[in-house]
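See below for target.txt, which holds compact mmCIF, C-alpha atoms.
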# COMPACT_ATOMS: atom_id res chain seq x y z
CA MET A 1 101.30 150.79 85.07
CA THR A 2 99.78 148.81 82.26
CA LEU A 3 100.82 147.98 78.76
CA ARG A 4 100.10 151.44 77.49
CA VAL A 5 103.37 152.56 79.04
CA TYR A 6 105.18 150.19 76.72
CA LEU A 7 103.42 151.20 73.53
CA TRP A 8 105.42 154.36 72.86
CA PRO A 9 108.88 152.82 73.34
CA VAL A 10 107.69 149.84 71.31
CA CYS A 11 106.61 152.08 68.43
CA LEU A 12 109.91 153.92 68.55
CA LEU A 13 111.84 150.67 68.54
CA ALA A 14 109.77 149.55 65.57
CA MET A 15 110.65 152.73 63.73
CA VAL A 16 114.33 152.07 64.37
CA LEU A 17 114.01 148.49 63.22
CA CYS A 18 112.26 149.67 60.07
CA LEU A 19 115.66 150.94 59.00
CA CYS A 20 117.13 147.45 59.20
CA PRO A 21 117.06 145.14 56.21
CA ALA A 22 114.41 142.56 56.92
CA ASP A 23 112.00 139.90 55.85
CA ALA A 24 109.56 138.88 58.55
CA ASP A 25 108.16 135.89 56.71
CA GLN A 26 108.73 132.80 58.76
CA PRO A 27 106.26 129.96 58.73
CA VAL A 28 103.76 129.15 60.02
CA MET A 29 101.75 132.36 59.84
CA ASN A 30 104.70 134.10 61.48
CA GLU A 31 103.55 133.71 65.05
CA VAL A 32 102.41 130.15 65.65
CA PRO A 33 103.33 127.68 66.97
CA ARG A 34 104.89 129.39 69.97
CA TRP A 35 104.36 126.40 72.26
CA ASN A 36 107.01 123.82 73.18
CA GLY A 37 106.98 120.91 70.77
CA GLY A 38 104.61 122.68 68.36
CA TYR A 39 104.88 121.97 64.66
CA GLY A 40 103.06 122.80 61.49
CA GLY A 41 103.11 123.31 57.77
CA GLN A 42 101.62 125.61 55.20
CA ILE A 43 101.22 125.90 51.47
CA PHE A 44 101.49 129.26 49.80
CA GLN A 45 100.32 130.02 46.31
CA GLU A 46 101.95 133.19 45.04
CA PHE A 47 101.14 134.92 41.77
CA ARG A 48 103.34 137.70 40.40
CA TRP A 49 102.95 139.56 37.15
CA SER A 50 103.90 142.75 35.39
CA ASP A 51 103.77 144.34 31.97
CA ASP A 52 105.45 147.57 33.07
CA LEU A 53 108.63 148.06 31.09
CA MET A 54 111.03 150.37 32.90
CA ARG A 55 114.48 151.89 32.69
CA GLY A 56 115.53 152.83 36.19
CA SER A 57 112.39 154.24 37.73
CA THR A 58 111.07 155.60 34.42
CA ASP A 59 108.22 153.87 32.61
CA LEU A 60 108.91 152.96 28.99
CA SER A 61 106.41 152.30 26.25
CA ASN A 62 105.80 148.60 25.69
CA PRO A 63 104.82 148.18 22.02
CA ASP A 64 105.77 144.48 22.00
CA LYS A 65 103.49 143.91 25.00
CA LEU A 66 106.27 142.27 27.00
CA ARG A 67 104.97 140.62 30.12
CA TYR A 68 106.01 138.12 32.76
CA GLU A 69 103.95 135.84 35.01
CA GLU A 70 105.11 133.69 37.91
CA HIS A 71 103.24 131.12 39.93
CA ILE A 72 105.12 129.95 43.01
CA THR A 73 103.89 127.07 45.15
CA SER A 74 105.74 127.17 48.44
CA PHE A 75 105.81 124.33 50.95
CA GLU A 76 106.80 125.50 54.39
CA GLY A 77 107.29 123.75 57.70
CA VAL A 78 108.14 124.69 61.26
CA TYR A 79 109.10 122.99 64.51
CA THR A 80 109.25 124.85 67.82
CA TRP A 81 111.45 123.42 70.56
CA HIS A 82 110.76 126.32 72.88
CA LYS A 83 109.04 129.62 72.20
CA SER A 84 112.48 131.21 71.98
CA ILE A 85 113.82 128.88 69.29
CA ARG A 86 112.27 127.22 66.27
CA MET A 87 113.37 125.88 62.91
CA THR A 88 111.70 126.61 59.59
CA ALA A 89 112.07 125.28 56.07
CA LYS A 90 110.69 126.59 52.76
CA VAL A 91 110.72 124.76 49.45
CA PRO A 92 109.31 126.83 46.57
CA TYR A 93 108.35 125.38 43.20
CA VAL A 94 108.33 127.99 40.43
CA ASN A 95 106.29 127.96 37.26
CA LYS A 96 107.03 131.09 35.26
CA ARG A 97 106.81 132.43 31.77
CA ARG A 98 107.53 135.65 29.89
CA ILE A 99 107.12 137.14 26.46
CA ALA A 100 110.49 137.47 24.74
CA VAL A 101 111.25 139.20 21.44
CA ASN A 102 113.25 137.21 18.87
CA LYS A 103 115.87 138.70 16.57
CA ASP A 104 113.40 138.75 13.71
CA GLY A 105 111.06 140.91 15.74
CA SER A 106 108.52 138.20 16.50
CA SER A 107 107.61 137.50 20.10
CA GLU A 108 107.02 134.24 21.93
CA TRP A 109 106.36 132.91 25.42
CA GLN A 110 109.39 131.45 27.20
CA LYS A 111 108.71 129.07 30.06
CA SER A 112 110.71 127.80 33.03
CA ASN A 113 109.65 125.37 35.73
CA GLY A 114 111.51 123.98 38.69
CA LEU A 115 112.50 124.25 42.32
CA ASP A 116 113.79 127.57 43.58
CA ASP A 117 116.23 127.75 46.49
CA THR A 118 115.32 125.84 49.64
CA LYS A 119 115.52 128.12 52.66
CA LEU A 120 116.32 126.98 56.19
CA ALA A 121 116.08 129.36 59.11
CA ILE A 122 116.39 129.29 62.88
CA PRO A 123 114.35 132.16 64.35
CA ILE A 124 115.63 132.96 67.84
CA ARG A 125 113.29 135.17 69.80
CA LYS A 126 113.15 136.90 73.14
CA TYR A 127 109.49 137.17 74.15
CA ARG A 128 108.08 139.72 76.53
CA ASN A 129 104.71 138.94 78.12
CA ARG A 130 102.92 141.66 80.03
CA ARG A 131 99.30 142.37 80.97
CA HIS A 132 97.38 142.80 77.70
CA TYR A 133 100.57 142.84 75.67
CA SER A 134 102.95 140.38 74.08
CA GLY A 135 105.90 140.92 71.83
CA HIS A 136 109.30 139.74 70.80
CA VAL A 137 112.59 140.77 69.32
CA GLY A 138 114.58 138.22 67.44
CA ILE A 139 117.32 137.29 65.06
CA VAL A 140 116.98 134.83 62.20
CA PRO A 141 120.08 133.16 60.77
CA GLN A 142 119.23 131.65 57.38
CA VAL A 143 120.72 129.70 54.52
CA ARG A 144 119.43 129.02 50.99
CA PHE A 145 120.71 126.42 48.58
CA GLY A 146 119.87 124.12 45.73
CA GLY A 147 117.31 125.09 43.17
CA ASP A 148 117.03 124.25 39.49
CA SER A 149 118.72 126.33 36.86
CA GLY A 150 115.52 126.48 34.82
CA ASP A 151 114.63 125.73 31.22
CA ALA A 152 114.33 128.75 28.94
CA TYR A 153 115.57 131.19 31.55
CA ARG A 154 117.04 131.05 35.02
CA ILE A 155 115.23 130.15 38.24
CA SER A 156 118.11 129.72 40.71
CA ASP A 157 121.81 130.54 40.52
CA GLY A 158 122.56 127.40 42.53
CA SER A 159 124.85 129.13 45.01
CA VAL A 160 124.69 128.58 48.77
CA ASP A 161 123.89 131.96 50.33
CA TYR A 162 123.73 133.02 53.96
CA ALA A 163 121.55 135.60 55.62
CA MET A 164 120.84 137.24 58.92
CA GLY A 165 117.38 138.55 59.72
CA VAL A 166 115.91 140.59 62.53
CA SER A 167 112.32 140.56 63.71
CA PHE A 168 110.19 142.56 66.07
CA GLU A 169 106.59 142.14 67.02
CA SER A 170 104.27 143.88 69.43
CA GLU A 171 100.67 142.88 69.95
CA SER A 172 97.74 143.89 72.12
CA ALA A 173 94.20 142.52 71.97
CA GLY A 174 93.40 145.10 69.32
CA PHE A 175 96.51 145.95 67.34
CA LYS A 176 99.59 144.21 66.13
CA LEU A 177 102.84 145.54 64.68
CA SER A 178 105.40 143.33 62.98
CA VAL A 179 108.69 144.50 61.56
CA GLY A 180 111.32 142.31 60.04
CA GLY A 181 114.19 142.14 57.67
CA THR A 182 116.80 139.94 56.09
CA TYR A 183 120.15 140.66 54.50
CA TRP A 184 121.44 137.98 52.10
CA TRP A 185 125.14 137.73 51.37
CA GLU A 186 125.13 136.62 47.74
CA GLN A 187 127.87 134.05 47.16
CA GLU A 188 127.66 133.90 43.38
CA SER A 189 130.56 135.86 41.90
CA GLY A 190 129.63 139.16 40.28
CA GLN A 191 126.30 139.38 42.09
CA ASP A 192 125.45 142.01 44.67
CA ASP A 193 123.88 141.22 48.04
CA ASP A 194 120.13 141.50 48.34
CA TRP A 195 117.93 142.51 51.23
CA ALA A 196 114.33 143.10 52.17
CA THR A 197 112.31 144.75 54.90
CA SER A 198 108.68 144.47 55.84
CA VAL A 199 106.32 146.29 58.17
CA GLU A 200 102.85 145.00 58.98
CA LEU A 201 100.28 146.85 61.06
CA GLY A 202 97.27 144.77 61.90
CA TYR A 203 93.96 144.94 63.72
CA ASN A 204 92.36 141.95 65.45
CA TYR A 205 88.76 142.55 64.42
CA HIS A 206 87.61 139.17 65.70
CA ASP A 207 88.79 136.41 68.03
CA ARG A 208 89.68 134.42 64.95
CA GLY A 209 90.43 137.12 62.43
CA ALA A 210 92.85 139.94 61.76
CA ALA A 211 93.25 142.48 58.99
CA ALA A 212 96.51 144.23 58.30
CA TRP A 213 98.32 146.57 55.98
CA ARG A 214 101.72 145.33 54.94
CA MET A 215 104.57 147.25 53.32
CA ASP A 216 107.57 145.55 51.72
CA TYR A 217 110.80 146.87 50.35
CA VAL A 218 112.97 144.46 48.38
CA ASP A 219 116.33 145.30 46.85
CA ASP A 220 117.40 142.43 44.65
CA GLY A 221 120.89 143.85 44.25
CA ASN A 222 121.27 143.29 40.54
CA LYS A 223 117.79 143.41 39.08
CA TYR A 224 115.33 145.69 40.82
CA ALA A 225 114.18 147.59 43.87
CA TRP A 226 110.53 147.15 44.78
CA PHE A 227 108.49 149.06 47.34
CA ALA A 228 104.98 147.73 47.62
CA GLY A 229 102.08 147.52 50.01
CA GLY A 230 98.63 146.13 50.38
CA PRO A 231 96.02 144.48 52.57
CA VAL A 232 96.37 141.20 54.42
CA LEU A 233 93.55 139.08 55.80
CA PHE A 234 94.12 136.33 58.34
CA TRP A 235 91.60 133.80 59.61
CA ASN A 236 91.87 131.01 62.16
CA PHE A 237 89.33 128.40 61.04
CA ASN A 238 89.38 125.93 63.92
CA ASP A 239 92.60 126.35 65.94
CA VAL A 240 94.32 123.94 63.53
CA LEU A 241 93.72 125.38 60.07
CA LEU A 242 94.83 128.96 59.47
CA GLY A 243 94.46 131.00 56.29
CA ARG A 244 96.10 134.12 54.97
CA ILE A 245 95.49 136.26 51.86
CA GLU A 246 97.75 139.10 50.73
CA TYR A 247 97.74 141.51 47.83
CA LYS A 248 100.58 143.90 47.14
CA PHE A 249 100.71 146.76 44.70
CA PRO A 250 104.01 148.52 43.88
CA PHE A 251 104.30 152.19 44.86
CA TYR A 252 107.85 152.53 43.63
CA GLU A 253 110.01 150.36 41.42
CA ASN A 254 113.48 150.72 40.01
CA VAL A 255 114.84 148.36 37.38
CA ASP A 256 118.56 148.10 36.73
CA ASP A 257 119.27 148.87 33.07
CA SER A 258 115.87 148.23 31.48
CA GLY A 259 113.34 145.46 31.82
CA LEU A 260 110.07 144.41 33.28
CA ALA A 261 109.24 145.57 36.78
CA ARG A 262 108.44 143.10 39.56
CA GLY A 263 104.83 144.23 39.58
CA GLN A 264 101.89 143.01 41.61
CA VAL A 265 101.66 140.04 43.95
CA ILE A 266 98.82 137.93 45.33
CA ARG A 267 99.57 135.32 48.01
CA LEU A 268 97.16 132.72 49.32
CA GLY A 269 98.26 130.63 52.27
CA LEU A 270 96.73 127.72 54.12
CA GLY A 271 98.51 126.30 57.15
CA ALA A 272 97.97 123.77 59.89
CA VAL A 273 99.51 123.73 63.37
CA PHE A 274 99.57 121.03 66.01
CA MET B 1 120.86 167.38 69.41
CA LYS B 2 119.86 167.75 73.06
CA PHE B 3 116.76 169.63 71.97
CA ILE B 4 115.75 166.85 69.61
CA LEU B 5 116.36 164.21 72.28
CA SER B 6 114.33 166.23 74.79
CA ILE B 7 111.38 166.49 72.40
CA PHE B 8 111.79 162.80 71.65
CA GLY B 9 111.76 161.96 75.37
CA LEU B 10 108.73 164.13 76.06
CA CYS B 11 106.86 162.46 73.24
CA VAL B 12 107.46 159.12 74.96
CA VAL B 13 107.10 159.94 78.65
CA VAL B 14 104.18 162.39 78.72
CA PRO B 15 101.71 160.32 76.64
CA SER B 16 102.74 157.21 78.59
CA LEU B 17 101.95 158.85 81.91
CA LEU B 18 98.69 160.27 80.62
CA LEU B 19 97.52 157.00 79.13
CA ALA B 20 98.75 154.68 81.88
CA GLU B 21 96.05 153.02 83.90
CA PRO B 22 96.75 152.85 87.66
CA LEU B 23 97.68 149.36 88.80
CA ASP B 24 95.02 149.11 91.50
CA LYS B 25 92.32 150.14 89.03
CA ALA B 26 93.55 147.53 86.57
CA LEU B 27 93.43 144.86 89.29
CA VAL B 28 89.88 145.82 90.27
CA LYS B 29 88.86 145.55 86.61
CA GLU B 30 90.61 142.21 86.23
CA ARG B 31 88.88 140.84 89.34
CA ALA B 32 85.49 142.01 88.09
CA ASN B 33 86.11 140.37 84.73
CA ALA B 34 87.20 137.14 86.37
CA GLU B 35 84.11 137.17 88.57
CA ALA B 36 81.89 137.65 85.52
CA ARG B 37 83.59 134.73 83.77
CA LEU B 38 83.09 132.49 86.80
CA SER B 39 79.46 133.42 87.40
CA GLY B 40 77.12 130.67 86.31
CA SER B 41 79.92 128.29 85.47
CA THR B 42 80.66 125.50 87.85
CA ASN B 43 83.93 123.63 88.10
CA GLN B 44 85.93 126.33 86.38
CA VAL B 45 88.87 128.45 87.40
CA VAL B 46 90.17 131.59 85.74
CA PHE B 47 93.78 132.59 85.23
CA ALA B 48 95.06 136.10 84.56
CA VAL B 49 97.76 135.43 81.97
CA ASP B 50 100.42 137.89 80.89
CA GLY B 51 100.78 138.16 77.12
CA LEU B 52 97.49 136.47 76.33
CA CYS B 53 96.05 138.91 73.82
CA CYS B 54 95.64 136.74 70.72
CA LYS B 55 93.43 133.68 70.54
CA SER B 56 95.33 132.12 67.66
CA CYS B 57 98.69 132.53 69.41
CA GLY B 58 97.10 130.89 72.44
CA ILE B 59 96.17 127.69 70.59
CA GLY B 60 99.03 125.96 72.35
CA ILE B 61 97.47 126.51 75.78
CA GLY B 62 94.62 124.16 74.92
CA ASN B 63 97.06 121.68 73.37
CA LYS B 64 99.08 121.55 76.60
CA VAL B 65 96.33 121.88 79.20
CA CYS B 66 93.99 119.26 77.71
CA LYS B 67 96.58 116.55 78.42
CA LEU B 68 96.15 116.99 82.18
CA GLU B 69 93.97 114.34 83.80
CA PHE B 70 91.76 116.69 85.82
CA ILE B 71 90.79 118.88 82.84
CA ASP B 72 87.20 118.61 81.59
CA THR B 73 87.21 118.81 77.80
CA SER B 74 83.45 118.20 77.59
CA VAL B 75 82.58 121.70 78.83
CA LEU B 76 85.12 123.79 76.91
CA PRO B 77 87.06 122.83 73.76
CA LYS B 78 90.34 121.34 74.99
CA GLY B 79 89.20 122.41 78.47
CA VAL B 80 90.05 126.10 78.00
CA GLU B 81 88.68 129.35 76.68
CA VAL B 82 90.85 132.36 75.85
CA HIS B 83 89.42 135.82 76.60
CA ARG B 84 91.93 137.91 74.69
CA LYS B 85 90.48 141.34 75.47
CA GLU B 86 90.66 140.62 79.20
CA ALA B 87 93.87 138.56 79.09
CA LEU B 88 92.02 135.88 81.05
CA LEU B 89 91.89 132.13 80.58
CA SER B 90 88.97 129.96 81.72
CA VAL B 91 89.88 126.38 82.57
CA ALA B 92 87.26 123.67 83.09
CA VAL B 93 88.09 121.01 85.69
CA LYS B 94 86.37 117.69 86.27
CA ASN B 95 83.93 117.43 89.13
CA ASN B 96 85.46 116.09 92.35
CA GLU B 97 88.95 116.03 90.83
CA ALA B 98 91.81 117.70 92.67
CA VAL B 99 93.39 120.55 90.71
CA ASN B 100 97.14 120.34 90.42
CA LEU B 101 98.00 124.03 90.21
CA ALA B 102 101.70 123.43 89.55
CA SER B 103 101.02 121.28 86.48
CA LEU B 104 98.46 123.78 85.16
CA VAL B 105 100.90 126.67 85.54
CA SER B 106 103.63 124.60 83.89
CA ALA B 107 101.35 123.75 80.95
CA ILE B 108 100.51 127.42 80.37
CA ARG B 109 104.18 128.35 80.52
CA LYS B 110 105.05 125.63 78.01
CA ALA B 111 102.51 127.24 75.70
CA GLY B 112 104.53 130.46 75.84
CA TYR B 113 102.62 132.51 78.39
CA GLU B 114 103.00 133.64 81.99
CA PRO B 115 100.08 133.02 84.41
CA VAL B 116 100.11 135.63 87.15
CA ARG B 117 96.92 135.07 89.19
CA LEU B 118 94.37 132.35 89.76
CA TYR B 119 90.73 133.20 90.47
CA GLU B 120 88.38 130.54 91.82
CA ARG B 121 85.28 130.22 93.93
CA SER B 122 85.67 128.90 97.44
CA ASP B 123 83.12 126.48 98.94
CA ASP B 124 81.06 129.38 100.31
CA GLY B 125 80.89 130.97 96.84
CA ALA B 126 83.29 133.82 97.53
CA LEU B 127 85.85 134.77 94.87
CA THR B 128 89.42 134.14 95.92
CA SER B 129 92.60 135.05 94.10
CA THR B 130 96.06 133.56 94.40
CA ASP B 131 99.17 135.28 93.08
CA ILE B 132 101.38 132.90 91.15
CA PRO B 133 105.12 133.35 91.72
CA LYS B 134 107.07 134.19 88.58
CA GLU B 135 109.22 131.50 87.08

Write the structure described by the file as structure tokens, please.
Amino acid sequence: MTLRVYLWPVCLLAMVLCLCPADADQPVMNEVPRWNGGYGGQIFQEFRWSDDLMRGSTDLSNPDKLRYEEHITSFEGVYTWHKSIRMTAKVPYVNKRRIAVNKDGSSEWQKSNGLDDTKLAIPIRKYRNRRHYSGHVGIVPQVRFGGDSGDAYRISDGSVDYAMGVSFESESAGFKLSVGGTYWWEQESGQDDDWATSVELGYNYHDRGAAAWRMDYVDDGNKYAWFAGGPVLFWNFNDVLLGRIEYKFPFYENVDDSGLARGQVIRLGLGAVF
Amino acid sequence: MKFILSIFGLCVVVPSLLLAEPLDKALVKERANAEARLSGSTNQVVFAVDGLCCKSCGIGIGNKVCKLEFIDTSVLPKGVEVHRKEALLSVAVKNNEAVNLASLVSAIRKAGYEPVRLYERSDDGALTSTDIPKE
């Protein structure tokens, strides 16, 4: 019996895991390096913006043309002791601004720059290798800490938070399915926990390239819920340099009280593995 | 509830049985693919490798295998070529060098994969296969 026998149970397991809070993003490029002693790093450039003013899930008119823009440069590294255990680190630098309305009715741009929380994670995976099929299930204990408070408005709350993630991946020569999630226990008093899930279905259209459709759901606990999806392109340049481009458009958003939605996201990533 | 579980089970089992390829047929196909990969290429061996379905994920195989003394990196980059659709791995070995199968298998395992069979040409040109015991 070949891998096809496994595909149905795998899909069902993926559907079950979709219900778990998750965030599959672990450097570098999620899957590599899976070899003993492998290491690598990547830089992500992420752009977020929105001018959709909302109360709950209802759009409001935006006569003051309120808007926010964020540019996040994320430095990420990974070291793999064994394919079943690796360590990852992410250090994001945030450059963001928004239009705020003053008491006199005038509006102005507020800016904040600084480091967001550093995230450390230890993905622990159980791989399954079969003919024409590879996959894993895993757990990802994580911690985030540090971060600057920001200038005009807040970047990080400065608390040390803990998280547990789950991950699942199934891949054949043609298709790939990744599901993941993370639940963060927010340690700052008065703040609710936040969690995220992601599902990515990809197609290996070339030895070096893959295209995928990715869906994300993020519940920030206190600010917003965001359900978005979009295309992902991956390219392996030369077995050392790897690139990834993502665009995500929100299909559903819910803002606590009223405010700007999270909006659209573009991510550009360039990584190297050794 | 039983009805739902039954439908659920049927949805899994029936398509799996219909889509499953018989093992002997799969082996015949694998052997034919290995033979095609070995034709016209001297001083190469081919491994059937479980889980090898992504070239990028298999980068580590080259990183590990190229460190072995008997590997010829002048023929193939890092001495290997991943054939992801066939789950096969071509390995180039130096002329007149003895192949240390144990170290090759160990290198592939350290890269995160499981080699299951080795295909090579004997001195008379015939294709031979050797099953590799699981770790």

Query raised in the report: Near region 139-149 of chain A, within 7 Å and counting all atoms listed in the file, which residues show up once chain neighbours fewer than 6 positions away are dropped, as a list of chain:residue names?
Result: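 In the requested format, the answer is A:Gly114, A:Leu115, A:Asp116, A:Asp117, A:Thr118, A:Lys119, A:Leu120, A:Ala121, A:Ile122, A:Pro123, A:Ile124, A:Arg125, A:Ile155, A:Ser156, A:Asp157, A:Gly158, A:Ser159, A:Val160, A:Asp161, A:Tyr162, A:Ala163, A:Met164, A:Gly165, A:Val166, A:Ser167.
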
Requested in this report: Just the residues within 10 Å of region 28-40 of chain B, please, counting only C-alpha atoms, with nothing from its chain fewer than 2 positions along; format it as a list in words.
Outcome: Leu23, Asp24, Lys25, Ala26, Thr42, Asn43, Gln44, Val45, Val46, Phe47, Ala48, His83, Glu86, Ala87, Leu88, Leu89, Ser90, Arg117, Leu118, Tyr119, Glu120, Arg121, Gly125, Ala126, Leu127, Thr128 and Ser129 of chain B

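You can rank B:Lys110, B:Lys94, B:Lys78, B:Lys134 by their closest distance to chain A using all atoms listed in the file, and at the top of that list sits B:Lys110.
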
Report task. Using only C-alpha atoms, pick whichever of A:Ser57, A:Ser198, A:Asn236, A:Thr88 has the shortest atom-to-atom distance to Leu270 (chain A). Result ->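 Of all the options, A:Asn236 lies closest to Leu270 (chain A).
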
Requested in this report: Can you work out which one of A:Val91, A:Ile43, A:Val32, A:Val232 has the shortest atom-to-atom distance to chain B, counting only C-alpha atoms?
Outcome: A:Val32

Query raised in the report: Rounded to one decimal in Å, what is the spacing between CA of Glu188 (chain A) and CA of Lys90 (chain A)?
Result: 20.7 Å

**Report entry** Neighbour residues at most 9 Å from (100.1, 128.0, 70.5) (all atoms listed in the file) as a VMD selection string
**Finding:** (chain A and resid 31 to 36 38 239 273 to 274) or (chain B and resid 55 to 64 111 to 112)

Go ahead and save the residues from that selection, with C-alpha atoms, as a PDB file, in the coordinates of the input.
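File produced: result_3.pdb:
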ATOM      1  CA  GLU A  31     103.550 133.710  65.050  1.00  0.00           C
ATOM      2  CA  VAL A  32     102.410 130.150  65.650  1.00  0.00           C
ATOM      3  CA  PRO A  33     103.330 127.680  66.970  1.00  0.00           C
ATOM      4  CA  ARG A  34     104.890 129.390  69.970  1.00  0.00           C
ATOM      5  CA  TRP A  35     104.360 126.400  72.260  1.00  0.00           C
ATOM      6  CA  ASN A  36     107.010 123.820  73.180  1.00  0.00           C
ATOM      7  CA  GLY A  38     104.610 122.680  68.360  1.00  0.00           C
ATOM      8  CA  ASP A 239      92.600 126.350  65.940  1.00  0.00           C
ATOM      9  CA  VAL A 273      99.510 123.730  63.370  1.00  0.00           C
ATOM     10  CA  PHE A 274      99.570 121.030  66.010  1.00  0.00           C
TER      11      PHE A 274
ATOM     12  CA  LYS B  55      93.430 133.680  70.540  1.00  0.00           C
ATOM     13  CA  SER B  56      95.330 132.120  67.660  1.00  0.00           C
ATOM     14  CA  CYS B  57      98.690 132.530  69.410  1.00  0.00           C
ATOM     15  CA  GLY B  58      97.100 130.890  72.440  1.00  0.00           C
ATOM     16  CA  ILE B  59      96.170 127.690  70.590  1.00  0.00           C
ATOM     17  CA  GLY B  60      99.030 125.960  72.350  1.00  0.00           C
ATOM     18  CA  ILE B  61      97.470 126.510  75.780  1.00  0.00           C
ATOM     19  CA  GLY B  62      94.620 124.160  74.920  1.00  0.00           C
ATOM     20  CA  ASN B  63      97.060 121.680  73.370  1.00  0.00           C
ATOM     21  CA  LYS B  64      99.080 121.550  76.600  1.00  0.00           C
ATOM     22  CA  ALA B 111     102.510 127.240  75.700  1.00  0.00           C
ATOM     23  CA  GLY B 112     104.530 130.460  75.840  1.00  0.00           C
TER      24      GLY B 112
END

Report summary line: Computed gap from CA of Arg214 (chain A) to CA of Tyr39 (chain A) is 25.5 Å

Using all atoms listed in the file, give me every residue within 7 Å of (92.4, 135.6, 68.5) in file coordinates, as a CSV table (one decimal) with C-alpha atoms, keeping the file's coordinate frame.
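Result saved to result21.csv:
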chain,number,residue,atom,x,y,z
A,206,HIS,CA,87.6,139.2,65.7
A,207,ASP,CA,88.8,136.4,68.0
A,208,ARG,CA,89.7,134.4,65.0
A,209,GLY,CA,90.4,137.1,62.4
B,54,CYS,CA,95.6,136.7,70.7
B,55,LYS,CA,93.4,133.7,70.5
B,56,SER,CA,95.3,132.1,67.7
B,84,ARG,CA,91.9,137.9,74.7

Query - Residue neighbourhood Asp72 (chain B), 7 Å, all atoms listed in the file, exclusion window fewer than 5 positions, as a ChimeraX atom specification - result: /B:79,92-94

Query raised in the report: Hey, what's within 10 Å of Glu70 (chain A) if we count only C-alpha atoms and toss same-chain stuff fewer than 3 positions away? As a PyMOL selection string, please?
Result: chain A and resi 46-50+73+94-98+111-113+265

List as an mmCIF file with C-alpha atoms, in the frame of the given file the protein and nucleic acid residues near Glu97 (chain B), meaning an atom at most 9 Å away when all atoms listed in the file are counted, but skip any in the same chain fewer than 5 places from it.
data_model
loop_
_atom_site.group_PDB
_atom_site.id
_atom_site.type_symbol
_atom_site.label_atom_id
_atom_site.label_comp_id
_atom_site.auth_asym_id
_atom_site.auth_seq_id
_atom_site.Cartn_x
_atom_site.Cartn_y
_atom_site.Cartn_z
ATOM 1 C CA GLU B 69 93.970 114.340 83.800
ATOM 2 C CA PHE B 70 91.760 116.690 85.820
ATOM 3 C CA ILE B 71 90.790 118.880 82.840
#

Query raised in the report: Between CA of Val105 (chain B) and CA of Ser170 (chain A), what is the distance, to one decimal in Å?
Result: 23.8 Å
